[in-house]
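What follows is the content of start-v1.cif, which has mmCIF, C-alpha atoms:
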```cif
data_entry
loop_
_atom_site.label_atom_id
_atom_site.label_comp_id
_atom_site.auth_asym_id
_atom_site.auth_seq_id
_atom_site.Cartn_x
_atom_site.Cartn_y
_atom_site.Cartn_z
CA MET K 1 -65.42 185.81 -60.12
CA ASN K 2 -68.28 187.50 -61.97
CA TYR K 3 -68.95 185.21 -64.89
CA LYS K 4 -72.45 183.81 -65.37
CA PRO K 5 -73.06 180.03 -65.26
CA GLU K 6 -74.41 180.11 -68.83
CA ASP K 7 -71.03 181.51 -69.90
CA LEU K 8 -69.62 178.05 -69.23
CA ILE K 9 -71.92 176.29 -71.71
CA PRO K 10 -69.91 177.13 -74.84
CA ILE K 11 -66.76 175.83 -73.14
CA VAL K 12 -68.53 172.62 -72.13
CA ALA K 13 -69.85 172.32 -75.69
CA GLU K 14 -66.31 172.57 -77.07
CA LEU K 15 -65.02 169.99 -74.65
CA SER K 16 -67.94 167.73 -75.59
CA ASP K 17 -67.05 168.05 -79.26
CA MET K 18 -63.40 167.28 -78.52
CA TYR K 19 -64.38 164.40 -76.23
CA THR K 20 -66.51 162.79 -78.95
CA ARG K 21 -63.97 163.73 -81.65
CA GLY K 22 -66.78 165.52 -83.44
CA GLU K 23 -68.54 162.17 -83.94
CA SER K 24 -71.57 162.82 -81.77
CA THR K 25 -74.00 165.73 -81.62
CA SER K 26 -75.13 164.69 -78.14
CA VAL K 27 -73.68 163.38 -74.89
CA THR K 28 -75.30 161.93 -71.78
CA TYR K 29 -76.25 164.15 -68.85
CA GLU K 30 -73.51 162.46 -66.85
CA ALA K 31 -70.87 163.24 -69.47
CA ALA K 32 -72.01 166.85 -69.73
CA GLN K 33 -71.97 167.15 -65.92
CA HIS K 34 -68.47 165.69 -65.79
CA LEU K 35 -67.22 168.14 -68.41
CA MET K 36 -68.86 171.04 -66.58
CA GLU K 37 -67.02 169.97 -63.43
CA ALA K 38 -63.80 169.89 -65.48
CA VAL K 39 -64.39 173.49 -66.57
CA ILE K 40 -65.16 174.61 -63.02
CA TYR K 41 -62.05 172.85 -61.69
CA CYS K 42 -59.87 174.79 -64.13
CA ILE K 43 -61.61 178.06 -63.32
CA ARG K 44 -60.90 177.46 -59.62
CA GLU K 45 -57.26 176.81 -60.51
CA ALA K 46 -57.24 180.17 -62.30
CA GLU K 47 -58.27 181.86 -59.06
CA GLN K 48 -54.97 180.74 -57.59
CA VAL K 49 -52.95 182.35 -60.36
CA SER K 50 -55.06 185.47 -60.89
CA ASP K 51 -52.03 187.73 -60.55
CA ASN K 52 -50.94 186.75 -64.06
CA LEU K 53 -54.28 187.33 -65.77
CA PRO K 54 -55.42 190.29 -67.92
CA GLU K 55 -57.65 192.96 -66.40
CA ASP K 56 -60.92 191.62 -67.80
CA TYR K 57 -60.36 188.06 -66.53
CA ASN K 58 -62.87 188.52 -63.77
CA THR K 59 -65.86 188.55 -66.12
CA ASN K 60 -64.56 186.34 -68.93
CA ALA K 61 -65.13 182.68 -68.27
CA ARG K 62 -63.11 181.61 -71.29
CA ILE K 63 -60.01 183.52 -70.19
CA LEU K 64 -60.39 182.04 -66.72
CA TYR K 65 -60.82 178.53 -68.08
CA GLU K 66 -57.77 178.69 -70.35
CA ALA K 67 -55.66 180.19 -67.58
CA GLY K 68 -56.81 177.49 -65.21
CA PHE K 69 -56.17 174.74 -67.74
CA ASN K 70 -52.63 176.02 -68.24
CA ALA K 71 -52.20 176.14 -64.47
CA VAL K 72 -53.24 172.48 -64.28
CA ILE K 73 -50.68 171.56 -66.94
CA ASP K 74 -47.99 173.46 -65.05
CA LYS K 75 -48.96 171.72 -61.85
CA VAL K 76 -48.71 168.31 -63.49
CA GLU K 77 -45.20 169.07 -64.76
CA ARG K 78 -44.17 170.44 -61.37
CA THR K 79 -45.51 167.36 -59.61
CA LYS K 80 -43.70 165.08 -62.04
CA GLU K 81 -40.43 166.80 -61.13
CA LYS K 82 -41.22 166.39 -57.44
CA TYR K 83 -41.99 162.72 -58.05
CA LYS K 84 -38.62 162.23 -59.78
CA ASN K 85 -37.03 163.80 -56.73
CA LEU K 86 -39.02 161.46 -54.46
CA ILE K 87 -37.95 158.25 -56.19
CA SER K 88 -34.31 159.30 -56.61
CA ALA K 89 -33.59 158.30 -53.01
CA PHE K 90 -36.73 156.37 -52.17
CA SER K 91 -36.92 153.54 -49.66
CA SER K 92 -40.05 151.59 -48.83
CA TYR K 93 -38.29 149.97 -45.87
CA GLY K 94 -39.80 146.70 -47.04
CA ASN K 95 -43.39 147.87 -46.70
CA LYS K 96 -45.35 146.65 -49.73
CA ASN K 97 -48.09 149.27 -49.49
CA LEU K 98 -45.61 152.16 -49.52
CA ASN K 99 -43.65 150.50 -52.32
CA ASP K 100 -46.68 149.87 -54.53
CA THR K 101 -48.21 153.28 -53.91
CA VAL K 102 -45.06 155.20 -54.82
CA LEU K 103 -43.67 153.00 -57.59
CA LYS K 104 -46.89 151.80 -59.23
CA ALA K 105 -49.91 153.87 -58.25
CA ILE K 106 -48.46 157.36 -58.68
CA PRO K 107 -47.01 156.60 -62.15
CA GLY K 108 -50.46 155.22 -62.96
CA PHE K 109 -51.94 158.58 -62.09
CA PHE K 110 -49.63 160.41 -64.49
CA LYS K 111 -50.42 157.91 -67.21
CA LEU K 112 -54.19 158.18 -66.90
CA TYR K 113 -54.71 161.78 -65.82
CA SER K 114 -56.52 163.97 -68.35
CA PRO K 115 -56.09 167.69 -67.66
CA ARG K 116 -58.53 168.52 -70.46
CA PHE K 117 -61.46 166.19 -69.80
CA SER K 118 -61.04 165.12 -66.17
CA PRO K 119 -58.74 167.46 -64.25
CA GLN K 120 -60.88 166.89 -61.17
CA ASP K 121 -60.23 163.13 -61.07
CA THR K 122 -57.74 161.88 -58.49
CA ILE K 123 -57.76 158.41 -60.08
CA ILE K 124 -55.67 156.63 -57.43
CA THR K 125 -56.71 155.95 -53.86
CA MET K 126 -53.40 156.93 -52.21
CA ASP K 127 -53.43 153.73 -50.18
CA TYR K 128 -50.31 154.55 -48.19
CA PRO K 129 -51.55 156.80 -45.38
CA THR K 130 -49.56 159.94 -44.63
CA PRO K 131 -49.53 161.22 -41.01
CA VAL K 132 -51.82 164.07 -42.02
CA PRO K 133 -54.11 162.83 -44.79
CA VAL K 134 -54.82 164.81 -47.94
CA THR K 135 -58.32 166.20 -47.56
CA GLY K 136 -60.52 168.63 -49.45
CA LYS K 137 -58.54 168.37 -52.65
CA THR K 138 -58.94 166.42 -55.85
CA GLY K 139 -57.11 165.85 -59.09
CA ILE K 140 -53.60 167.14 -59.46
CA ASP K 141 -53.99 169.32 -56.35
CA ALA K 142 -54.46 166.20 -54.24
CA ILE K 143 -51.61 164.31 -55.86
CA GLU K 144 -49.17 167.20 -55.57
CA GLU K 145 -49.88 167.54 -51.87
CA TYR K 146 -49.58 163.78 -51.44
CA VAL K 147 -46.20 163.71 -53.16
CA ASP K 148 -45.05 166.62 -50.98
CA LYS K 149 -46.03 164.70 -47.86
CA LEU K 150 -44.24 161.57 -49.08
CA ILE K 151 -41.09 163.58 -49.79
CA ALA K 152 -41.19 165.07 -46.30
CA GLU K 153 -41.61 161.64 -44.75
CA GLN K 154 -38.78 160.14 -46.76
CA ARG K 155 -36.51 162.96 -45.63
CA TYR K 156 -37.46 162.32 -42.00
CA LEU K 157 -36.99 158.55 -42.17
CA ALA K 158 -33.65 158.94 -43.98
CA SER K 159 -32.35 160.91 -40.99
CA PHE K 160 -32.16 157.70 -38.93
CA PRO K 161 -29.17 155.34 -39.07
CA ALA K 162 -29.29 152.61 -41.71
CA GLY K 163 -31.47 149.68 -40.62
CA TYR K 164 -33.05 151.52 -37.70
CA VAL K 165 -36.46 152.01 -39.27
CA GLU K 166 -36.74 148.35 -40.28
CA GLU K 167 -35.65 147.29 -36.78
CA VAL K 168 -38.35 149.33 -35.09
CA LEU K 169 -40.98 148.17 -37.55
CA GLU K 170 -39.94 144.53 -37.10
CA SER K 171 -40.17 144.79 -33.35
CA TYR K 172 -43.60 146.40 -33.65
CA THR K 173 -44.88 143.55 -35.80
CA PRO K 174 -42.92 140.93 -37.73
CA ASP K 175 -45.56 141.26 -40.47
CA TYR K 176 -44.92 145.00 -40.98
CA LYS K 177 -44.16 144.45 -44.67
CA ASN K 178 -47.80 143.63 -45.32
CA HIS K 179 -49.38 146.27 -43.14
CA PHE K 180 -51.16 149.43 -44.23
CA PHE K 181 -50.03 151.75 -41.45
CA ASN K 182 -48.02 154.94 -41.70
CA ILE K 183 -44.35 154.18 -40.97
CA THR K 184 -43.60 157.52 -39.29
CA GLU K 185 -46.37 157.01 -36.73
CA ILE K 186 -44.98 153.59 -35.82
CA ILE K 187 -41.43 154.96 -35.53
CA GLN K 188 -42.50 157.88 -33.35
CA LYS K 189 -44.64 155.73 -31.04
CA ASN K 190 -42.09 152.96 -30.69
CA ARG K 191 -38.78 154.73 -30.42
CA PRO K 192 -36.72 153.23 -27.61
CA ARG K 193 -36.50 155.53 -24.59
CA MET I 194 -67.11 177.96 -82.23
CA ALA I 195 -68.11 181.52 -81.29
CA ASP I 196 -70.16 181.57 -78.10
CA ASN I 197 -73.04 183.46 -79.73
CA ASP I 198 -73.00 181.04 -82.63
CA LEU I 199 -73.40 178.10 -80.26
CA MET I 200 -76.34 179.62 -78.40
CA LEU I 201 -77.99 180.32 -81.76
CA ARG I 202 -77.48 176.75 -82.91
CA MET I 203 -78.96 175.41 -79.71
CA SER I 204 -82.14 177.45 -80.19
CA GLU I 205 -85.29 175.73 -81.37
CA GLN I 206 -85.78 178.25 -84.16
CA TYR I 207 -82.40 177.43 -85.66
CA GLN I 208 -83.11 173.71 -85.48
CA ILE I 209 -86.46 174.17 -87.22
CA GLU I 210 -84.71 176.11 -89.97
CA GLN I 211 -82.14 173.36 -90.42
CA ILE I 212 -84.86 170.73 -90.69
CA ILE I 213 -86.70 172.75 -93.34
CA LYS I 214 -83.42 173.32 -95.15
CA ALA I 215 -83.10 169.53 -95.47
CA ASN I 216 -86.17 169.67 -97.75
CA GLU I 217 -83.76 170.75 -100.49
CA PHE I 218 -82.32 167.25 -100.35
CA SER I 219 -85.43 165.20 -99.59
CA LYS I 220 -87.64 166.82 -102.24
CA GLU I 221 -85.70 164.75 -104.78
CA TYR I 222 -87.57 161.78 -103.32
CA GLY I 223 -90.92 163.54 -103.17
CA LEU I 224 -90.62 164.17 -99.45
CA THR I 225 -90.87 167.55 -97.76
CA LEU I 226 -91.79 168.82 -94.32
CA THR I 227 -93.97 171.80 -93.55
CA LYS I 228 -92.89 174.34 -90.96
CA GLU I 229 -95.45 172.87 -88.56
CA GLU I 230 -94.05 169.38 -89.04
CA ALA I 231 -90.49 170.66 -88.60
CA THR I 232 -91.53 172.41 -85.40
CA VAL I 233 -93.09 169.24 -84.03
CA LEU I 234 -89.97 167.25 -84.92
CA ALA I 235 -87.72 169.79 -83.18
CA GLN I 236 -89.92 169.72 -80.10
CA CYS I 237 -90.05 165.92 -80.14
CA GLY I 238 -86.28 165.88 -80.32
CA ARG I 239 -85.96 168.05 -77.23
CA SER I 240 -88.45 165.88 -75.39
CA THR I 241 -86.68 162.66 -76.32
CA LEU I 242 -83.31 164.09 -75.34
CA LYS I 243 -84.78 164.82 -71.93
CA THR I 244 -86.27 161.34 -71.64
CA GLU I 245 -82.99 159.72 -72.67
CA ARG I 246 -81.01 162.08 -70.40
CA ARG I 247 -78.87 163.43 -73.19
CA VAL I 248 -77.89 166.95 -74.12
CA GLU I 249 -77.23 168.26 -77.60
CA PHE I 250 -74.87 171.17 -78.14
CA GLY I 251 -75.39 172.81 -81.49
CA ASP I 252 -76.82 171.00 -84.50
CA SER I 253 -79.57 168.43 -84.02
CA ILE I 254 -79.41 164.96 -85.51
CA MET I 255 -82.58 165.37 -87.57
CA PRO I 256 -80.99 166.76 -90.77
CA LYS I 257 -78.65 163.73 -90.84
CA LEU I 258 -81.57 161.36 -90.33
CA ILE I 259 -83.43 163.05 -93.19
CA ARG I 260 -80.44 162.68 -95.53
CA ALA I 261 -80.01 159.02 -94.61
CA PHE I 262 -83.64 157.92 -94.82
CA ALA I 263 -85.15 160.11 -97.55
CA ASP I 264 -84.46 157.44 -100.19
CA SER I 265 -86.04 154.63 -98.14
CA SER I 266 -88.40 152.27 -99.90
CA PHE I 267 -90.71 152.29 -96.91
CA ILE I 268 -91.20 156.03 -96.50
CA ASN I 269 -93.75 158.10 -98.41
CA LYS I 270 -95.14 161.59 -98.04
CA ASP I 271 -97.97 160.35 -95.83
CA ASN I 272 -95.82 158.69 -93.19
CA TYR I 273 -92.64 160.78 -93.58
CA ALA I 274 -92.92 163.05 -90.52
CA ASP I 275 -94.15 160.28 -88.22
CA ILE I 276 -91.37 157.92 -89.25
CA LEU I 277 -88.74 160.62 -88.78
CA ALA I 278 -90.02 161.26 -85.28
CA ARG I 279 -89.78 157.56 -84.43
CA LEU I 280 -86.33 157.25 -86.00
CA GLN I 281 -85.16 160.18 -83.88
CA ASP I 282 -86.45 158.45 -80.73
CA ILE I 283 -84.75 155.21 -81.74
CA PHE I 284 -81.51 157.02 -82.53
CA TYR I 285 -81.17 158.61 -79.09
CA LEU I 286 -82.23 155.38 -77.39
CA TYR I 287 -79.51 153.44 -79.17
CA LYS I 288 -76.85 156.05 -78.55
CA ASN I 289 -77.44 155.16 -74.89
CA GLU I 290 -77.88 151.42 -75.46
CA SER I 291 -74.56 151.30 -77.33
CA MET I 292 -72.97 153.31 -74.50
CA ASP I 293 -71.82 156.06 -76.87
CA MET I 294 -69.33 153.64 -78.40
CA VAL I 295 -70.81 154.21 -81.87
CA SER I 296 -70.52 157.49 -83.76
CA ASP I 297 -73.66 159.27 -84.99
CA ASP I 298 -72.85 158.50 -88.62
CA ASP I 299 -72.18 154.84 -87.93
CA LEU I 300 -75.35 154.41 -85.89
CA ILE I 301 -77.45 156.05 -88.59
CA SER I 302 -75.83 153.80 -91.16
CA ILE I 303 -76.58 150.74 -89.03
CA MET I 304 -80.17 151.92 -88.54
CA LYS I 305 -80.68 152.49 -92.25
CA ASN I 306 -79.29 149.10 -93.21
CA ALA I 307 -81.33 147.34 -90.53
CA TYR I 308 -84.48 149.26 -91.47
CA GLU I 309 -84.16 148.43 -95.17
CA ARG I 310 -82.77 144.91 -94.92
CA GLU I 311 -83.78 143.26 -91.67
CA SER I 312 -86.89 145.13 -90.56
CA GLY I 313 -88.70 145.56 -93.87
CA GLY I 314 -89.75 149.03 -92.78
CA ASP I 315 -91.12 147.78 -89.44
CA LEU I 316 -90.01 150.32 -86.83
CA GLN I 317 -91.00 148.09 -83.94
CA TYR I 318 -88.81 145.30 -85.27
CA LEU I 319 -86.02 147.81 -85.90
CA GLU I 320 -86.15 149.08 -82.33
CA GLY I 321 -86.94 145.92 -80.43
CA THR I 322 -85.03 143.25 -82.35
CA ALA I 323 -82.58 144.35 -85.01
CA LEU I 324 -80.91 147.17 -83.11
CA GLU I 325 -81.20 145.42 -79.75
CA ALA I 326 -79.07 142.57 -81.13
CA PHE I 327 -76.54 145.08 -82.44
CA ALA I 328 -76.35 147.00 -79.16
CA ARG I 329 -75.88 143.78 -77.21
CA LYS I 330 -72.85 142.98 -79.34
CA VAL I 331 -71.41 146.45 -78.82
CA ARG I 332 -71.84 146.20 -75.05
CA ALA I 333 -70.24 142.75 -75.09
CA GLY I 334 -67.21 144.29 -76.76
CA GLU I 335 -67.58 142.35 -79.96
CA ASN I 336 -65.99 143.88 -82.99
CA TRP I 337 -69.23 145.14 -84.41
CA ALA I 338 -67.42 147.06 -87.12
CA ASP I 339 -66.31 143.81 -88.70
CA ARG I 340 -69.75 142.26 -88.39
CA TYR I 341 -71.38 145.12 -90.13
CA LYS I 342 -68.97 145.49 -92.97
CA LEU I 343 -70.78 146.12 -96.21
CA GLU I 344 -70.06 142.69 -97.63
CA LYS I 345 -71.68 140.98 -94.65
CA LEU I 346 -74.84 142.96 -95.22
CA HIS I 347 -74.70 142.09 -98.90
CA ILE I 348 -74.77 145.72 -99.80
CA GLU I 349 -72.46 146.81 -102.57
CA ASP I 350 -71.50 150.17 -103.94
CA GLY I 351 -74.27 151.63 -106.00
CA PHE I 352 -76.97 149.54 -104.33
CA ASN I 353 -80.19 151.50 -104.19
CA GLU I 354 -83.06 149.01 -104.20
CA LEU I 355 -84.15 145.87 -102.44
#
```
Rewritten as structure tokens:
Amino acid sequence: MNYKPEDLIPIVAELSDMYTRGESTSVTYEAAQHLMEAVIYCIREAEQVSDNLPEDYNTNARILYEAGFNAVIDKVERTKEKYKNLISAFSSYGNKNLNDTVLKAIPGFFKLYSPRFSPQDTIITMDYPTPVPVTGKTGIDAIEEYVDKLIAEQRYLASFPAGYVEEVLESYTPDYKNHFFNITEIIQKNRPR
Amino acid sequence: MADNDLMLRMSEQYQIEQIIKANEFSKEYGLTLTKEEATVLAQCGRSTLKTERRVEFGDSIMPKLIRAFADSSFINKDNYADILARLQDIFYLYKNESMDMVSDDDLISIMKNAYERESGGDLQYLEGTALEAFARKVRAGENWADRYKLEKLHIEDGFNEL
């Protein structure tokens, strides 16, 4: 990308004006920094969809930003659909951490996420650990990958006979409902030979 | 806003021009600023923004401060520029102290009322006592808007003198 850093200032200024609803001529350094990071996050998203951009996108920060913002919106909608798919046949197998993460925390993300002012914020801590953790990503990118991993795990666990997963977990520790481990790892390590 | 327009409005020259333009309003009260005074005020504003770790995109707050305080009983042509500089400092300080929960217009209104009514024109009292009490209430989550309704300050429509 060949835009200059100062090309981002007008975009940050507009976001600042929207953020303060036009009621403040100034914002704190921290707020300005946060909004700059929001702009950069969207521009990085645009890099992933550059096939659909006009020819001069490479040197026009505003075109990049708007394309990236729209990509973030699309990603949110796509992830919501994936989430609906996840919960349509979801089982926590009695584990409270998995239950609360999927049924409370992830909806909390969708409720609080601001693609315009804070696209880079992941908001939730993804307490239920997936076998391969989500790393190097933030915001909707992190959540989409997390939901994908949860869907894959649910598909795997559903392949076992009814009651099997709970039986293995119970034999591993009677207190499995209150533990913060990854269920798949326990199943794979404790499958009867 | 057009990108070029923004960069223009952020320039010191533009801000000086806007401050001088406010003379058209303040001259009604016998108060005007020279170009030198306007330049100093613009530079002071930039310095205070840096001290208070704030950034201003576009128009500065000084023209609004001029419009709010030009009719003050405690400001005359001898102390006008100095008082504006102090008011600007106090404004940015209290934007931070009130955690940006108060709009520019509301804060200026609060400052003007406190300056005229509570502080008797004493900027130290305004900064250290009157506004500090207000900011504490804002931070505590009290409904400051109710507390500062016009009737509580005994200010009615058309009021223009102590």
Q.
For this structure, which residues satisfy the selection - the PyMOL selection byres ((chain K) within 8 of (chain I)) - when it is evaluated on the file as given? I want them as a PyMOL selection string.
A. chain K and resi 10+13-14+23-29+32
Q | For Thr184 of chain K, the nearest of the candidates K:Ser16, K:Asn97, K:Gln120, K:Thr130, counting only C-alpha atoms | A | K:Thr130
Q: Compile the contact shell of Glu221 of chain I as a ChimeraX atom specification: residues with an atom at most 12 Å away, counting all atoms listed in the file, same-chain residues fewer than 2 positions apart removed.
A: /I:215-219,223-225,259-260,263-264
List the spatial neighbours of Ile151 of chain K as an mmCIF file with C-alpha atoms, keeping the file's coordinate frame - criterion: any atom at most 12 Å away, all atoms listed in the file, same-chain residues fewer than 4 positions off excluded.
```cif
data_model
loop_
_atom_site.group_PDB
_atom_site.id
_atom_site.type_symbol
_atom_site.label_atom_id
_atom_site.label_comp_id
_atom_site.auth_asym_id
_atom_site.auth_seq_id
_atom_site.Cartn_x
_atom_site.Cartn_y
_atom_site.Cartn_z
ATOM 1 C CA THR K 79 -45.510 167.360 -59.610
ATOM 2 C CA GLU K 81 -40.430 166.800 -61.130
ATOM 3 C CA LYS K 82 -41.220 166.390 -57.440
ATOM 4 C CA TYR K 83 -41.990 162.720 -58.050
ATOM 5 C CA LYS K 84 -38.620 162.230 -59.780
ATOM 6 C CA ASN K 85 -37.030 163.800 -56.730
ATOM 7 C CA LEU K 86 -39.020 161.460 -54.460
ATOM 8 C CA ILE K 87 -37.950 158.250 -56.190
ATOM 9 C CA SER K 88 -34.310 159.300 -56.610
ATOM 10 C CA ALA K 89 -33.590 158.300 -53.010
ATOM 11 C CA PHE K 90 -36.730 156.370 -52.170
ATOM 12 C CA SER K 91 -36.920 153.540 -49.660
ATOM 13 C CA VAL K 102 -45.060 155.200 -54.820
ATOM 14 C CA THR K 130 -49.560 159.940 -44.630
ATOM 15 C CA GLU K 144 -49.170 167.200 -55.570
ATOM 16 C CA GLU K 145 -49.880 167.540 -51.870
ATOM 17 C CA TYR K 146 -49.580 163.780 -51.440
ATOM 18 C CA VAL K 147 -46.200 163.710 -53.160
ATOM 19 C CA ARG K 155 -36.510 162.960 -45.630
ATOM 20 C CA TYR K 156 -37.460 162.320 -42.000
ATOM 21 C CA LEU K 157 -36.990 158.550 -42.170
ATOM 22 C CA ALA K 158 -33.650 158.940 -43.980
#
```
Q.
Can you pull out the residues contacting segment 65-78 of chain K? Cut-off 9 Å, using only C-alpha atoms, and skip same-chain residues under 4 positions away; I want them as a ChimeraX atom specification.
A. /K:8,11,39-50,52-53,60-61,82-83,110,115-116,119,140-141,144
Mind dumping the selected residues with C-alpha atoms as a CSV table (one decimal), in the frame of the given file?
```
chain,number,residue,atom,x,y,z
K,8,LEU,CA,-69.6,178.0,-69.2
K,11,ILE,CA,-66.8,175.8,-73.1
K,39,VAL,CA,-64.4,173.5,-66.6
K,40,ILE,CA,-65.2,174.6,-63.0
K,41,TYR,CA,-62.0,172.8,-61.7
K,42,CYS,CA,-59.9,174.8,-64.1
K,43,ILE,CA,-61.6,178.1,-63.3
K,44,ARG,CA,-60.9,177.5,-59.6
K,45,GLU,CA,-57.3,176.8,-60.5
K,46,ALA,CA,-57.2,180.2,-62.3
K,47,GLU,CA,-58.3,181.9,-59.1
K,48,GLN,CA,-55.0,180.7,-57.6
K,49,VAL,CA,-53.0,182.4,-60.4
K,50,SER,CA,-55.1,185.5,-60.9
K,52,ASN,CA,-50.9,186.8,-64.1
K,53,LEU,CA,-54.3,187.3,-65.8
K,60,ASN,CA,-64.6,186.3,-68.9
K,61,ALA,CA,-65.1,182.7,-68.3
K,82,LYS,CA,-41.2,166.4,-57.4
K,83,TYR,CA,-42.0,162.7,-58.0
K,110,PHE,CA,-49.6,160.4,-64.5
K,115,PRO,CA,-56.1,167.7,-67.7
K,116,ARG,CA,-58.5,168.5,-70.5
K,119,PRO,CA,-58.7,167.5,-64.2
K,140,ILE,CA,-53.6,167.1,-59.5
K,141,ASP,CA,-54.0,169.3,-56.4
K,144,GLU,CA,-49.2,167.2,-55.6
```
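When atom CA of Pro107 of chain K is paired with atom CA of Tyr128 of chain K, their separation reads 14.5 Å.
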Could you work out an axis-aligned box for segment 266-273 of chain I, taking every atom the file lists and adding 4 Å on each side, and report centre and edge lengths in Å to one decimal, as AutoDock Vina command-line options?
```
--center_x -93.2 --center_y 156.9 --center_z -96.5 --size_x 17.6 --size_y 17.3 --size_z 14.7
```
Q: Could you give me, as JSON, numbers by chain, the residues within 8 Å of Ala231 of chain I, counting only C-alpha atoms and dropping anything in the same chain fewer than 5 positions from it?
A: {"I": [209, 212, 213, 226]}
Can you write just those residues out, C-alpha atoms, as a PDB file, in the coordinates of the input?
```
ATOM      1  CA  ILE I 209     -86.460 174.170 -87.220  1.00  0.00           C
ATOM      2  CA  ILE I 212     -84.860 170.730 -90.690  1.00  0.00           C
ATOM      3  CA  ILE I 213     -86.700 172.750 -93.340  1.00  0.00           C
ATOM      4  CA  LEU I 226     -91.790 168.820 -94.320  1.00  0.00           C
TER       5      LEU I 226
END
```
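Here atom CA of Leu98 of chain K is placed at a distance of 18.1 Å from atom CA of Lys80 of chain K.
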Q: List, as a PyMOL selection string, every residue that the PyMOL selection byres ((chain K and resi 124) around 12) selects in the file provided.
A: chain K and resi 100-102+104-113+121-123+125-128+138-140+142-143+146
Q: Do a neighbour search on Ser266 of chain I at 8 Å with all atoms listed in the file, toss out local chain neighbours closer than 2 positions, and write the hits as a list in words.
A: Asp264, Ile268, Glu309, Gly314 and Glu354 of chain I
Produce a file of the selected residues containing C-alpha atoms, as a JSON list (two decimals), in the frame of the given file.
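Final file, selection_32.json:
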```json
[["chain", "number", "residue", "atom", "x", "y", "z"],
["I", 264, "ASP", "CA", -84.46, 157.44, -100.19],
["I", 268, "ILE", "CA", -91.20, 156.03, -96.50],
["I", 309, "GLU", "CA", -84.16, 148.43, -95.17],
["I", 314, "GLY", "CA", -89.75, 149.03, -92.78],
["I", 354, "GLU", "CA", -83.06, 149.01, -104.20]]
```
Q: Run the PyMOL selection byres ((chain I and resi 328) around 12) against the file shown and list the residues it catches, as a ChimeraX atom specification.
A: /I:284,286-295,300,303-304,319-327,329-338
Export of the given selection (C-alpha atoms) as a PDB file, keeping the file's coordinate frame:
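Writing the result to part-v5.pdb gives the following:
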```pdb
ATOM      1  CA  PHE I 284     -81.510 157.020 -82.530  1.00  0.00           C
ATOM      2  CA  LEU I 286     -82.230 155.380 -77.390  1.00  0.00           C
ATOM      3  CA  TYR I 287     -79.510 153.440 -79.170  1.00  0.00           C
ATOM      4  CA  LYS I 288     -76.850 156.050 -78.550  1.00  0.00           C
ATOM      5  CA  ASN I 289     -77.440 155.160 -74.890  1.00  0.00           C
ATOM      6  CA  GLU I 290     -77.880 151.420 -75.460  1.00  0.00           C
ATOM      7  CA  SER I 291     -74.560 151.300 -77.330  1.00  0.00           C
ATOM      8  CA  MET I 292     -72.970 153.310 -74.500  1.00  0.00           C
ATOM      9  CA  ASP I 293     -71.820 156.060 -76.870  1.00  0.00           C
ATOM     10  CA  MET I 294     -69.330 153.640 -78.400  1.00  0.00           C
ATOM     11  CA  VAL I 295     -70.810 154.210 -81.870  1.00  0.00           C
ATOM     12  CA  LEU I 300     -75.350 154.410 -85.890  1.00  0.00           C
ATOM     13  CA  ILE I 303     -76.580 150.740 -89.030  1.00  0.00           C
ATOM     14  CA  MET I 304     -80.170 151.920 -88.540  1.00  0.00           C
ATOM     15  CA  LEU I 319     -86.020 147.810 -85.900  1.00  0.00           C
ATOM     16  CA  GLU I 320     -86.150 149.080 -82.330  1.00  0.00           C
ATOM     17  CA  GLY I 321     -86.940 145.920 -80.430  1.00  0.00           C
ATOM     18  CA  THR I 322     -85.030 143.250 -82.350  1.00  0.00           C
ATOM     19  CA  ALA I 323     -82.580 144.350 -85.010  1.00  0.00           C
ATOM     20  CA  LEU I 324     -80.910 147.170 -83.110  1.00  0.00           C
ATOM     21  CA  GLU I 325     -81.200 145.420 -79.750  1.00  0.00           C
ATOM     22  CA  ALA I 326     -79.070 142.570 -81.130  1.00  0.00           C
ATOM     23  CA  PHE I 327     -76.540 145.080 -82.440  1.00  0.00           C
ATOM     24  CA  ARG I 329     -75.880 143.780 -77.210  1.00  0.00           C
ATOM     25  CA  LYS I 330     -72.850 142.980 -79.340  1.00  0.00           C
ATOM     26  CA  VAL I 331     -71.410 146.450 -78.820  1.00  0.00           C
ATOM     27  CA  ARG I 332     -71.840 146.200 -75.050  1.00  0.00           C
ATOM     28  CA  ALA I 333     -70.240 142.750 -75.090  1.00  0.00           C
ATOM     29  CA  GLY I 334     -67.210 144.290 -76.760  1.00  0.00           C
ATOM     30  CA  GLU I 335     -67.580 142.350 -79.960  1.00  0.00           C
ATOM     31  CA  ASN I 336     -65.990 143.880 -82.990  1.00  0.00           C
ATOM     32  CA  TRP I 337     -69.230 145.140 -84.410  1.00  0.00           C
ATOM     33  CA  ALA I 338     -67.420 147.060 -87.120  1.00  0.00           C
TER      34      ALA I 338
END
```
Q. What separation in Å, quoted to one decimal, exists between atom CA of Ala31 of chain K and atom CA of Thr244 of chain I?
A. 15.7 Å
